[in-house]
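The file structure22.txt contains compact mmCIF, C-alpha atoms:
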```txt
# COMPACT_ATOMS: atom_id res chain seq x y z
CA GLN A 1 -89.75 -72.27 -76.95
CA SER A 2 -88.03 -68.93 -77.27
CA LYS A 3 -89.30 -67.99 -73.84
CA ASN A 4 -87.87 -71.20 -72.39
CA ASN A 5 -84.50 -70.47 -73.96
CA GLU A 6 -84.47 -66.99 -72.43
CA THR A 7 -85.33 -68.44 -69.03
CA GLU A 8 -82.48 -70.94 -69.20
CA GLU A 9 -80.00 -68.18 -70.15
CA ASN A 10 -81.19 -66.01 -67.26
CA LEU A 11 -80.74 -68.91 -64.86
CA LYS A 12 -77.24 -69.52 -66.15
CA GLN A 13 -76.33 -65.83 -65.76
CA ARG A 14 -77.72 -65.73 -62.23
CA ASP A 15 -75.83 -68.89 -61.35
CA LEU A 16 -72.64 -67.36 -62.75
CA GLN A 17 -73.19 -64.13 -60.81
CA GLY A 18 -73.79 -66.13 -57.63
CA LYS A 19 -70.51 -67.99 -58.12
CA ARG A 20 -68.68 -64.68 -58.67
CA ILE A 21 -70.17 -63.19 -55.52
CA GLU A 22 -69.23 -66.31 -53.55
CA HIS A 23 -65.68 -66.12 -54.91
CA ASN A 24 -65.39 -62.43 -54.00
CA LEU A 25 -66.68 -63.13 -50.52
CA LYS A 26 -64.12 -65.87 -50.00
CA TYR A 27 -61.34 -63.54 -51.24
CA LEU A 28 -62.58 -60.75 -48.98
CA ASN A 29 -62.69 -63.07 -45.97
CA SER A 30 -59.19 -64.33 -46.64
CA THR A 31 -57.93 -60.73 -47.01
CA ILE A 32 -59.55 -59.71 -43.73
CA ALA A 33 -58.01 -62.73 -42.03
CA MET A 34 -54.54 -61.80 -43.32
CA MET A 35 -55.02 -58.23 -42.17
CA ASN A 36 -56.03 -59.42 -38.72
CA ILE A 37 -52.91 -61.57 -38.53
CA LYS A 38 -50.72 -58.63 -39.57
CA CYS A 39 -52.43 -56.32 -37.09
CA VAL A 40 -51.95 -58.81 -34.27
CA SER A 41 -48.32 -59.27 -35.26
CA TRP A 42 -47.79 -55.53 -35.37
CA LEU A 43 -49.38 -55.14 -31.95
CA ILE A 44 -47.15 -57.85 -30.53
CA VAL A 45 -44.03 -56.23 -31.99
CA SER A 46 -45.15 -52.78 -30.90
CA THR A 47 -45.87 -54.02 -27.41
CA SER A 48 -42.44 -55.56 -27.20
CA MET A 49 -40.90 -52.28 -28.35
CA VAL A 50 -42.74 -50.05 -25.87
CA SER A 51 -40.24 -47.92 -23.97
CA VAL A 52 -40.31 -47.48 -20.23
CA ASN A 53 -40.12 -43.98 -18.75
CA VAL A 54 -37.68 -43.64 -15.89
CA ASP A 55 -37.39 -40.10 -14.48
CA GLY A 56 -38.07 -38.57 -17.85
CA PHE A 57 -35.76 -40.91 -19.77
CA GLN A 58 -36.65 -43.87 -21.95
CA SER A 59 -35.21 -47.35 -21.62
CA VAL A 60 -35.73 -50.22 -24.09
CA PRO A 61 -36.23 -53.88 -23.08
CA SER A 62 -33.11 -55.98 -23.53
CA PHE A 63 -34.60 -58.49 -26.00
CA SER A 64 -35.17 -55.75 -28.60
CA ARG A 65 -32.03 -53.72 -27.88
CA ASN A 66 -29.90 -55.00 -30.80
CA ASN A 67 -32.24 -53.82 -33.57
CA VAL A 68 -33.01 -50.59 -31.74
CA GLU A 69 -29.33 -49.82 -31.22
CA LEU A 70 -28.66 -50.22 -34.96
CA ASN A 71 -31.50 -47.86 -35.93
CA MET A 72 -30.59 -45.34 -33.25
CA ALA A 73 -26.94 -45.37 -34.28
CA LYS A 74 -27.90 -44.49 -37.85
CA ARG A 75 -30.22 -41.68 -36.74
CA SER A 76 -27.71 -40.29 -34.25
CA GLU A 77 -24.90 -40.35 -36.80
CA ARG A 78 -27.09 -38.47 -39.28
CA ALA A 79 -28.09 -35.91 -36.65
CA HIS A 80 -24.46 -35.29 -35.70
CA MET A 81 -23.47 -34.89 -39.37
CA ASP A 82 -26.32 -32.42 -39.91
CA LYS A 83 -25.10 -30.37 -36.97
CA GLN A 84 -21.53 -30.36 -38.30
CA LEU A 85 -22.73 -29.29 -41.76
CA GLU A 86 -24.67 -26.40 -40.23
CA ASP A 87 -21.51 -25.27 -38.47
CA LEU A 88 -19.50 -25.47 -41.70
CA MET A 89 -22.13 -23.58 -43.72
CA ASP A 90 -22.11 -20.76 -41.14
CA ASN A 91 -25.82 -20.05 -41.62
CA ASP A 92 -26.86 -19.42 -38.04
CA TRP A 93 -29.59 -16.78 -38.26
CA ARG A 94 -29.06 -15.82 -34.62
CA GLU A 95 -25.41 -15.03 -35.34
CA PHE A 96 -26.48 -13.01 -38.38
CA ARG A 97 -28.86 -11.05 -36.17
CA ALA A 98 -26.02 -10.46 -33.70
CA ARG A 99 -23.99 -8.89 -36.53
CA LEU A 100 -26.92 -6.61 -37.38
CA VAL A 101 -27.15 -5.51 -33.77
CA ALA A 102 -23.43 -4.79 -33.72
CA ARG A 103 -23.79 -2.79 -36.95
CA GLU A 104 -26.57 -0.70 -35.40
CA LYS A 105 -24.28 0.24 -32.53
CA VAL A 106 -21.71 1.47 -35.04
CA ASP A 107 -24.26 3.27 -37.21
CA SER A 108 -25.97 5.11 -34.36
CA PRO A 109 -23.28 7.85 -34.26
CA LEU A 110 -23.78 8.29 -38.00
CA LEU A 111 -27.48 8.91 -37.52
CA SER A 112 -26.83 11.64 -34.99
CA MET A 113 -24.14 13.07 -37.25
CA LYS A 114 -26.60 13.08 -40.17
CA THR A 115 -29.07 15.06 -38.08
CA GLU A 116 -26.32 17.49 -37.22
CA ILE A 117 -25.46 17.90 -40.92
CA GLU A 118 -29.12 18.53 -41.76
CA ASP A 119 -29.29 21.19 -39.03
CA LYS A 120 -26.20 22.86 -40.46
CA ASP A 121 -27.78 22.86 -43.93
CA LEU A 122 -30.85 24.58 -42.54
CA GLN A 123 -28.64 27.14 -40.82
CA LYS A 124 -26.85 27.81 -44.12
CA GLN A 125 -30.18 28.41 -45.83
CA GLU A 126 -31.19 30.87 -43.14
CA ASP A 127 -27.85 32.64 -43.48
CA MET A 128 -28.35 32.89 -47.25
CA ALA A 129 -31.78 34.41 -46.69
CA VAL A 130 -30.30 37.00 -44.33
CA MET A 131 -27.55 37.83 -46.85
CA PHE A 132 -30.14 38.22 -49.62
CA ALA A 133 -32.21 40.54 -47.42
CA ASP A 134 -29.10 42.54 -46.59
CA ALA A 135 -28.26 42.87 -50.29
CA ILE A 136 -31.74 44.15 -51.06
CA SER A 137 -31.54 46.64 -48.23
CA HIS A 138 -28.16 47.92 -49.54
CA ILE A 139 -29.56 48.30 -53.04
CA PHE A 140 -32.61 50.11 -51.77
CA PRO A 141 -31.43 51.76 -48.55
CA SER A 142 -33.75 53.69 -46.28
CA LYS A 143 -32.92 56.04 -43.50
CA SER A 144 -34.85 54.08 -40.96
CA ASN A 145 -33.08 50.74 -41.42
CA LYS A 146 -29.44 51.75 -41.95
CA LYS A 147 -28.77 51.68 -38.25
CA ASN A 148 -30.71 48.45 -37.76
CA THR A 149 -28.84 46.74 -40.62
CA LYS A 150 -25.45 47.57 -39.07
CA GLN A 151 -26.61 46.31 -35.71
CA ALA A 152 -27.96 43.09 -37.26
CA GLN A 153 -24.68 42.49 -39.12
CA THR A 154 -22.74 43.07 -35.93
CA SER A 155 -24.97 40.68 -33.96
CA VAL A 156 -24.69 37.97 -36.63
CA LYS A 157 -20.89 38.18 -36.55
CA GLN A 158 -20.94 37.96 -32.77
CA GLN A 159 -23.19 34.90 -32.87
CA GLU A 160 -20.93 33.18 -35.41
CA ALA A 161 -17.90 33.91 -33.26
CA GLU A 162 -19.65 32.54 -30.18
CA ALA A 163 -20.79 29.43 -32.06
CA ASP A 164 -17.26 28.73 -33.26
CA GLY A 165 -15.92 29.38 -29.79
CA SER A 166 -13.14 31.47 -31.28
CA SER A 167 -12.23 33.45 -34.35
CA ILE A 168 -11.71 31.65 -37.64
CA PHE A 169 -8.29 33.21 -37.87
CA GLN A 170 -7.01 31.36 -34.84
CA ARG A 171 -4.41 28.75 -35.66
CA GLU A 172 -6.16 25.69 -34.15
CA ASN A 173 -9.20 26.10 -36.43
CA ILE A 174 -7.28 26.21 -39.70
CA GLY A 175 -7.73 22.94 -41.68
CA ASN A 176 -9.26 21.11 -38.73
CA GLY A 177 -12.34 19.78 -40.52
CA VAL A 178 -11.76 16.13 -39.58
CA HIS A 179 -14.71 13.72 -39.58
CA PRO A 180 -15.57 12.44 -36.08
CA ILE A 181 -15.45 8.77 -37.27
CA ILE A 182 -13.33 8.76 -40.43
CA ASP A 183 -10.05 10.65 -40.57
CA ASP A 184 -10.62 12.00 -44.06
CA PRO A 185 -11.95 15.56 -44.47
CA PHE A 186 -12.90 14.92 -48.13
CA VAL A 187 -15.33 12.03 -47.50
CA SER A 188 -18.92 12.93 -48.35
CA GLU A 189 -21.98 11.72 -46.48
CA ALA A 190 -22.89 9.33 -49.32
CA GLU A 191 -19.44 7.73 -49.17
CA LEU A 192 -19.51 7.06 -45.42
CA PRO A 193 -20.89 3.46 -45.52
CA SER A 194 -18.07 2.25 -47.79
CA PHE A 195 -15.46 3.63 -45.39
CA LEU A 196 -16.93 2.01 -42.26
CA PRO A 197 -14.99 -0.94 -40.84
CA GLU A 198 -16.34 -4.47 -41.35
CA ILE A 199 -18.37 -5.71 -38.40
CA LYS A 200 -16.92 -8.84 -36.82
CA ILE A 201 -18.26 -10.64 -33.79
CA ASP A 202 -16.70 -13.31 -31.67
CA LYS A 203 -18.58 -16.53 -32.47
CA HIS A 204 -17.57 -17.86 -29.09
CA ARG A 205 -18.98 -15.07 -26.91
CA TRP A 206 -21.48 -12.83 -28.69
CA ALA A 207 -24.49 -11.55 -26.73
CA HIS A 208 -27.17 -8.89 -27.15
CA THR A 209 -30.51 -8.05 -25.60
CA VAL A 210 -33.78 -9.11 -27.25
CA PRO A 211 -37.19 -7.42 -26.92
CA HIS A 212 -39.14 -10.68 -26.72
CA ILE A 213 -38.95 -14.23 -25.37
CA GLU A 214 -37.91 -17.02 -27.74
CA PRO A 215 -36.79 -20.65 -27.27
CA GLY A 216 -33.02 -20.77 -26.91
CA CYS A 217 -32.69 -17.29 -25.42
CA VAL A 218 -31.62 -16.74 -21.82
CA LEU A 219 -32.95 -14.70 -18.94
CA LEU A 220 -30.37 -12.96 -16.77
CA ALA A 221 -31.64 -12.35 -13.27
CA ASN A 222 -31.80 -8.76 -12.08
CA GLU A 223 -29.05 -8.02 -9.59
CA LYS A 224 -31.71 -7.35 -6.93
CA LEU A 225 -33.48 -10.70 -7.38
CA GLY A 226 -32.89 -13.03 -4.43
CA GLY A 227 -33.67 -16.61 -3.50
CA VAL A 228 -32.82 -19.59 -5.69
CA PHE A 229 -32.81 -17.34 -8.78
CA HIS A 230 -30.16 -14.94 -7.48
CA GLN A 231 -27.73 -14.16 -10.33
CA THR A 232 -29.00 -17.08 -12.39
CA VAL A 233 -28.90 -17.67 -16.13
CA VAL A 234 -32.16 -19.30 -17.23
CA LEU A 235 -32.47 -21.03 -20.61
CA ILE A 236 -35.92 -20.85 -22.24
CA ILE A 237 -37.13 -24.27 -23.43
CA ASP A 238 -40.77 -23.52 -24.28
CA HIS A 239 -42.76 -20.31 -24.41
CA SER A 240 -46.37 -19.70 -25.33
CA LYS A 241 -48.64 -16.77 -24.60
CA SER A 242 -51.50 -19.16 -23.91
CA GLN A 243 -49.69 -21.97 -22.06
CA GLY A 244 -46.86 -20.21 -20.25
CA SER A 245 -43.13 -20.89 -20.20
CA THR A 246 -40.69 -23.64 -19.24
CA ALA A 247 -37.01 -23.04 -18.61
CA VAL A 248 -33.95 -24.41 -16.81
CA ILE A 249 -31.16 -22.81 -14.82
CA ILE A 250 -27.80 -23.54 -16.46
CA ASN A 251 -25.28 -21.91 -14.10
CA ARG A 252 -25.78 -23.72 -10.79
CA PRO A 253 -23.44 -26.75 -11.01
CA LEU A 254 -23.86 -29.18 -8.16
CA ASP A 255 -21.06 -31.01 -6.39
CA GLY A 256 -20.44 -34.49 -7.76
CA THR A 257 -21.17 -36.40 -10.96
CA LEU A 258 -24.53 -37.59 -12.24
CA ARG A 259 -24.31 -40.87 -10.36
CA GLU A 260 -23.31 -39.20 -7.11
CA VAL A 261 -26.07 -36.60 -7.32
CA ALA A 262 -28.71 -39.15 -8.30
CA ASP A 263 -27.72 -41.57 -5.53
CA SER A 264 -27.67 -38.83 -2.90
CA ASN A 265 -31.24 -37.87 -3.83
CA ASN A 266 -32.52 -41.47 -3.94
CA SER A 267 -33.33 -41.04 -7.61
CA THR A 268 -34.67 -43.97 -9.65
CA LEU A 269 -32.55 -42.91 -12.63
CA ASP A 270 -31.52 -45.84 -14.80
CA LEU A 271 -28.21 -47.33 -13.65
CA SER A 272 -26.94 -47.62 -17.25
CA LEU A 273 -27.35 -43.85 -17.68
CA LYS A 274 -25.52 -43.12 -14.46
CA MET A 275 -22.67 -45.39 -15.51
CA ALA A 276 -22.44 -44.04 -19.09
CA PHE A 277 -22.46 -40.38 -17.98
CA SER A 278 -20.22 -40.77 -14.95
CA LYS A 279 -18.14 -37.74 -16.07
CA SER A 280 -21.11 -35.46 -16.72
CA LEU A 281 -21.83 -32.45 -14.54
CA VAL A 282 -25.23 -31.76 -13.01
CA THR A 283 -26.83 -28.36 -12.49
CA TYR A 284 -29.80 -27.31 -10.41
CA GLY A 285 -32.48 -26.54 -13.02
CA GLY A 286 -35.28 -25.16 -10.90
CA PRO A 287 -37.81 -25.93 -8.18
CA ALA A 288 -40.34 -27.81 -10.36
CA ASN A 289 -40.00 -31.62 -10.60
CA ALA A 290 -36.70 -31.55 -8.76
CA ASP A 291 -36.47 -35.37 -8.82
CA GLN A 292 -36.35 -35.54 -12.63
CA PHE A 293 -33.37 -35.02 -14.94
CA SER A 294 -32.98 -33.67 -18.46
CA VAL A 295 -29.83 -33.34 -20.56
CA LEU A 296 -28.37 -30.35 -22.41
CA HIS A 297 -25.79 -30.92 -25.16
CA GLY A 298 -24.46 -29.83 -28.55
CA PHE A 299 -24.14 -33.24 -30.25
CA GLY A 300 -27.11 -32.94 -32.61
CA GLU A 301 -30.85 -33.39 -32.93
CA VAL A 302 -30.87 -37.10 -32.07
CA GLU A 303 -34.00 -39.15 -31.49
CA GLY A 304 -35.87 -37.84 -28.46
CA SER A 305 -34.10 -34.48 -28.42
CA ARG A 306 -35.18 -30.99 -29.37
CA LYS A 307 -33.23 -28.26 -31.12
CA LEU A 308 -33.51 -24.94 -29.30
CA ALA A 309 -31.06 -23.06 -31.51
CA GLN A 310 -28.12 -23.90 -33.74
CA GLY A 311 -25.72 -26.00 -31.69
CA ILE A 312 -28.05 -26.19 -28.64
CA PHE A 313 -30.12 -29.34 -27.98
CA VAL A 314 -32.06 -30.71 -25.03
CA GLY A 315 -33.12 -34.33 -24.46
CA GLY A 316 -32.23 -37.60 -26.21
CA SER A 317 -30.33 -39.23 -23.33
CA LEU A 318 -30.94 -42.79 -24.55
CA GLU A 319 -29.41 -42.12 -27.97
CA LEU A 320 -26.53 -40.21 -26.41
CA MET A 321 -25.87 -43.17 -24.13
CA GLU A 322 -25.46 -45.40 -27.18
CA GLU A 323 -23.08 -42.87 -28.72
CA VAL A 324 -21.07 -42.88 -25.50
CA SER A 325 -20.88 -46.68 -25.61
CA ALA A 326 -19.72 -46.51 -29.24
CA GLY A 327 -17.05 -43.94 -28.38
CA ASN A 328 -18.63 -41.21 -30.51
CA PHE A 329 -19.65 -38.86 -27.71
CA ASP A 330 -17.76 -37.61 -24.68
CA PRO A 331 -20.02 -37.66 -21.60
CA ALA A 332 -18.23 -34.54 -20.37
CA ASN A 333 -20.04 -32.69 -23.19
CA ALA A 334 -23.44 -33.33 -21.61
CA LEU A 335 -24.94 -31.30 -18.78
CA PHE A 336 -27.67 -33.00 -16.77
CA ILE A 337 -30.26 -30.66 -15.31
CA LYS A 338 -32.10 -31.51 -12.12
CA GLY A 339 -35.58 -29.99 -12.15
CA HIS A 340 -36.85 -26.98 -14.10
CA ALA A 341 -38.80 -23.75 -13.71
CA THR A 342 -42.28 -22.91 -15.00
CA TRP A 343 -44.39 -19.77 -15.44
CA VAL A 344 -48.11 -19.55 -16.11
CA ALA A 345 -49.38 -17.67 -19.16
CA GLY A 346 -48.42 -13.99 -19.02
CA GLN A 347 -46.40 -14.28 -15.80
CA LEU A 348 -42.95 -14.13 -17.38
CA GLU A 349 -43.89 -11.16 -19.58
CA ARG A 350 -45.03 -9.25 -16.49
CA GLU A 351 -41.80 -10.05 -14.66
CA ILE A 352 -39.72 -8.85 -17.61
CA ALA A 353 -41.77 -5.65 -17.84
CA LYS A 354 -40.99 -4.98 -14.17
CA GLY A 355 -37.26 -5.51 -14.76
CA VAL A 356 -36.93 -8.84 -12.94
CA TRP A 357 -35.13 -10.39 -15.93
CA TYR A 358 -32.83 -9.21 -18.72
CA PRO A 359 -33.72 -11.30 -21.82
CA ALA A 360 -30.80 -11.87 -24.18
CA ALA A 361 -29.68 -13.96 -27.14
CA VAL A 362 -26.24 -15.47 -26.61
CA SER A 363 -23.81 -17.77 -28.38
CA ALA A 364 -24.01 -21.54 -28.00
CA ASP A 365 -20.73 -21.59 -26.08
CA TYR A 366 -22.27 -19.42 -23.38
CA VAL A 367 -25.23 -21.81 -23.04
CA LEU A 368 -22.99 -24.90 -23.07
CA ARG A 369 -20.48 -23.46 -20.60
CA TYR A 370 -20.94 -26.48 -18.29
CA ALA A 371 -21.57 -28.92 -21.15
CA GLY A 372 -18.05 -29.07 -22.54
CA ALA A 373 -17.88 -25.75 -24.40
CA PRO A 374 -14.30 -24.46 -24.84
CA ILE A 375 -13.08 -21.91 -22.29
CA HIS A 376 -11.07 -18.96 -23.60
CA GLU A 377 -8.85 -16.54 -21.75
CA ASP A 378 -11.47 -13.79 -22.00
CA ASP A 379 -14.09 -15.93 -20.25
CA ASP A 380 -14.94 -15.75 -16.58
CA SER A 381 -15.22 -19.51 -16.19
CA SER A 382 -16.59 -19.34 -12.65
CA ASP A 383 -19.32 -16.68 -13.15
CA LEU A 384 -21.51 -17.15 -16.23
CA TRP A 385 -24.03 -14.51 -15.10
CA ALA A 386 -21.41 -11.75 -14.89
CA ASP A 387 -19.67 -13.00 -18.04
CA ILE A 388 -22.79 -12.64 -20.22
CA LEU A 389 -23.68 -9.25 -18.73
CA THR A 390 -20.15 -8.08 -19.55
CA GLY A 391 -20.63 -9.31 -23.12
CA LEU A 392 -23.83 -7.28 -23.43
CA GLY A 393 -21.84 -4.12 -22.69
CA ASP A 394 -23.02 -0.64 -21.70
CA GLU A 395 -25.11 -0.51 -18.50
CA HIS A 396 -25.19 -4.31 -18.24
CA ALA A 397 -21.40 -4.41 -18.03
CA GLU A 398 -21.56 -1.89 -15.20
CA ILE A 399 -24.04 -4.12 -13.37
CA ALA A 400 -21.68 -7.06 -13.75
CA SER A 401 -18.67 -5.14 -12.46
CA LYS A 402 -20.58 -3.93 -9.40
CA ASN A 403 -22.09 -7.30 -8.47
CA GLU A 404 -19.62 -9.97 -9.58
CA GLY A 405 -17.71 -12.17 -7.18
CA ARG A 406 -20.24 -14.68 -5.89
CA GLY A 407 -19.63 -17.15 -8.72
CA ASP A 408 -21.86 -19.92 -10.07
CA ARG A 409 -21.40 -22.54 -7.38
CA ARG A 410 -23.89 -22.02 -4.56
CA MET A 411 -25.60 -24.05 -1.90
CA MET A 412 -28.79 -25.17 -3.65
CA PRO A 413 -31.82 -27.06 -2.28
```
Full structure transcribed into structure tokens:
Amino acid sequence: QSKNNETEENLKQRDLQGKRIEHNLKYLNSTIAMMNIKCVSWLIVSTSMVSVNVDGFQSVPSFSRNNVELNMAKRSERAHMDKQLEDLMDNDWREFRARLVAREKVDSPLLSMKTEIEDKDLQKQEDMAVMFADAISHIFPSKSNKKNTKQAQTSVKQQEAEADGSSIFQRENIGNGVHPIIDDPFVSEAELPSFLPEIKIDKHRWAHTVPHIEPGCVLLANEKLGGVFHQTVVLIIDHSKSQGSTAVIINRPLDGTLREVADSNNSTLDLSLKMAFSKSLVTYGGPANADQFSVLHGFGEVEGSRKLAQGIFVGGSLELMEEVSAGNFDPANALFIKGHATWVAGQLEREIAKGVWYPAAVSADYVLRYAGAPIHEDDDSSDLWADILTGLGDEHAEIASKNEGRGDRRMMP
């Protein structure tokens, strides 16, 4: 009887476990069904939201434009605010580096002066050694060196007179120990840094050479380089030692607006873009993909754009078009670039090593010269190549003065 009772309990437990498994299977099947429905719905929505590429730009189907416009407006507004905050915080590392470079130019005379001071200290030590030897020889004179000592003293005096260029008793040498940089004869070497003037650079037009290639820097064509790159300013977009480089020319403005240039080249550029950016200039960007357009601006890192440096952005034409429609962005502050230039891995480095290009870091206003950047009285508004070389100074300024005059507007292919 006890065995029968145990058998009945086992049957009941198995029956209960079977019901639980059946219930779990039903729940699992219903969950999978709901997931399939959600996945199908997501695919349908995603398919309806797929953007269409038109000459490198993205356009959104009209039935989904309202929701997309709202999301894009929020993202674009945030991107523009971020850019404005960066400008207010004044934390551009490239500008900080430009100040360091300017400081080095001021400090270089100090380094040479320090070397000169050290040489003078060594000369003083040698003179002290000679005086000590002379004193010993006077205390313990010998017949053989009396004549030599007098001759040595006479020669030392002659050398000092020749080094000074004149006698110490001449009037122009009295009290004329003025520092070559600081007009204070009592300033010591340790006090020199505190007396140096504060380094200030013009945020609008700073420029200096760089020893390497980096996104956001520019390449200034050698004055001897001909062809389509003659006296060009090339903005680096991408650079990799393994994949090569991509860049665009930014100082070859074409005649006409975006719509006129696109229509004259039978471009399939979206009509809404051509209408929205009717005031925008177009520049010849390079020989590669000459039928495609990209946009350079300083609005902010909107959706679809890329930040090259503080205040310099490329791409994001669709979002900028919405900002133009909302009245938040002036189309004159966008520069459309027709085509681009490319280099295979290692090619650009070899060209720079041969002197084909002068790599430089420059202010955002230089880069955005044809994208609405303010023009000041010191700028050469018609020759960006010569203007940046002049800003670099030294031998680059001489190159600019000898080769300026052609200007940025040329007959381009």
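If you measure from each of A:Ala361, A:Leu384, A:Ala276, A:Ile250 to A:Asp330 using all atoms listed in the file, the closest one turns out to be A:Ala276.
Here atom CA of A:Gly300 stands at a distance of 28.2 Å from atom CA of A:Ala386.
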- Rounded to one decimal place, report the atom CA of A:His230-atom CA of A:Ser278 distance in Å.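 Value for the atom CA of A:His230-atom CA of A:Ser278 distance: 28.7 Å.
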Using the file's own x, y and z axes, so that the box edges lie along x, y and z, what centre and edge lengths in Å (one decimal) does a box around every listed atom of stretch 361-378 of chain A get when 5 Å is added on each side? Give it as JSON.
```
{"center_x": -19.3, "center_y": -21.4, "center_z": -23.3, "size_x": 30.8, "size_y": 25.3, "size_z": 20.1}
```
- Message: Let me make sure I understand: among A:Val356, A:Val295, A:Ile249, A:Val362, which one has the smallest atom-to-atom distance to A:His340 if we use all atoms listed in the file?
- Response: A:Ile249
- Task: In Å, rounded to a single decimal, give me how far atom CA of A:Asn265 is from atom CA of A:Phe277.
- Result: 16.8 Å
- Message: Nearest residue to A:Asp378 out of A:Lys274, A:Arg205, A:His396, A:Lys338, using all atoms listed in the file?
- Response: A:Arg205
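Proximity of A:Asp291, A:Asp92, A:Asp270, A:Glu223 to A:Asn403, computed with all atoms listed in the file, is greatest for A:Glu223.
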- Looking at all atoms listed in the file, which of A:Gly311, A:Ala341, A:Arg97, A:Pro374 is the one that sits closest to A:Thr232?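 Of A:Gly311, A:Ala341, A:Arg97, A:Pro374, the one nearest A:Thr232, counting all atoms listed in the file, is A:Ala341.
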- Query: With distances taken over all atoms listed in the file, which of A:Lys224, A:Ile337, A:Arg406, A:His212 is nearest to A:Ala353?
  - Reply: A:His212
Please, could all heavy atoms be added to stretch 308-313 of chain A and the result written as a PDB file, keeping the file's coordinate frame?
```
ATOM      1  N   LEU A 308     -33.097 -26.256 -29.755  1.00  0.00           N
ATOM      2  CA  LEU A 308     -33.510 -24.940 -29.300  1.00  0.00           C
ATOM      3  C   LEU A 308     -32.956 -23.833 -30.180  1.00  0.00           C
ATOM      4  O   LEU A 308     -33.623 -22.831 -30.438  1.00  0.00           O
ATOM      5  CB  LEU A 308     -33.052 -24.722 -27.854  1.00  0.00           C
ATOM      6  CG  LEU A 308     -33.582 -25.718 -26.814  1.00  0.00           C
ATOM      7  CD1 LEU A 308     -33.047 -25.369 -25.433  1.00  0.00           C
ATOM      8  CD2 LEU A 308     -35.101 -25.749 -26.814  1.00  0.00           C
ATOM      9  N   ALA A 309     -31.735 -24.000 -30.616  1.00  0.00           N
ATOM     10  CA  ALA A 309     -31.060 -23.060 -31.510  1.00  0.00           C
ATOM     11  C   ALA A 309     -29.901 -23.816 -32.134  1.00  0.00           C
ATOM     12  O   ALA A 309     -29.633 -24.965 -31.763  1.00  0.00           O
ATOM     13  CB  ALA A 309     -30.571 -21.820 -30.759  1.00  0.00           C
ATOM     14  N   GLN A 310     -29.220 -23.195 -33.091  1.00  0.00           N
ATOM     15  CA  GLN A 310     -28.120 -23.900 -33.740  1.00  0.00           C
ATOM     16  C   GLN A 310     -27.038 -24.230 -32.726  1.00  0.00           C
ATOM     17  O   GLN A 310     -26.497 -23.362 -32.051  1.00  0.00           O
ATOM     18  CB  GLN A 310     -27.536 -23.054 -34.866  1.00  0.00           C
ATOM     19  CG  GLN A 310     -26.432 -23.783 -35.631  1.00  0.00           C
ATOM     20  CD  GLN A 310     -26.169 -23.168 -36.982  1.00  0.00           C
ATOM     21  OE1 GLN A 310     -27.073 -22.647 -37.621  1.00  0.00           O
ATOM     22  NE2 GLN A 310     -24.929 -23.232 -37.434  1.00  0.00           N
ATOM     23  N   GLY A 311     -26.748 -25.532 -32.607  1.00  0.00           N
ATOM     24  CA  GLY A 311     -25.720 -26.000 -31.690  1.00  0.00           C
ATOM     25  C   GLY A 311     -26.200 -26.218 -30.270  1.00  0.00           C
ATOM     26  O   GLY A 311     -25.386 -26.562 -29.400  1.00  0.00           O
ATOM     27  N   ILE A 312     -27.512 -26.043 -29.991  1.00  0.00           N
ATOM     28  CA  ILE A 312     -28.050 -26.190 -28.640  1.00  0.00           C
ATOM     29  C   ILE A 312     -29.220 -27.169 -28.702  1.00  0.00           C
ATOM     30  O   ILE A 312     -30.214 -26.911 -29.389  1.00  0.00           O
ATOM     31  CB  ILE A 312     -28.524 -24.854 -28.060  1.00  0.00           C
ATOM     32  CG1 ILE A 312     -27.387 -23.822 -28.090  1.00  0.00           C
ATOM     33  CG2 ILE A 312     -29.048 -25.038 -26.647  1.00  0.00           C
ATOM     34  CD1 ILE A 312     -27.823 -22.430 -27.695  1.00  0.00           C
ATOM     35  N   PHE A 313     -29.110 -28.298 -27.960  1.00  0.00           N
ATOM     36  CA  PHE A 313     -30.120 -29.340 -27.980  1.00  0.00           C
ATOM     37  C   PHE A 313     -30.415 -29.787 -26.548  1.00  0.00           C
ATOM     38  O   PHE A 313     -29.537 -29.766 -25.689  1.00  0.00           O
ATOM     39  CB  PHE A 313     -29.657 -30.540 -28.805  1.00  0.00           C
ATOM     40  CG  PHE A 313     -29.165 -30.181 -30.185  1.00  0.00           C
ATOM     41  CD1 PHE A 313     -27.826 -29.882 -30.407  1.00  0.00           C
ATOM     42  CD2 PHE A 313     -30.035 -30.126 -31.256  1.00  0.00           C
ATOM     43  CE1 PHE A 313     -27.368 -29.542 -31.667  1.00  0.00           C
ATOM     44  CE2 PHE A 313     -29.589 -29.789 -32.524  1.00  0.00           C
ATOM     45  CZ  PHE A 313     -28.253 -29.489 -32.729  1.00  0.00           C
TER      46      PHE A 313
END
```
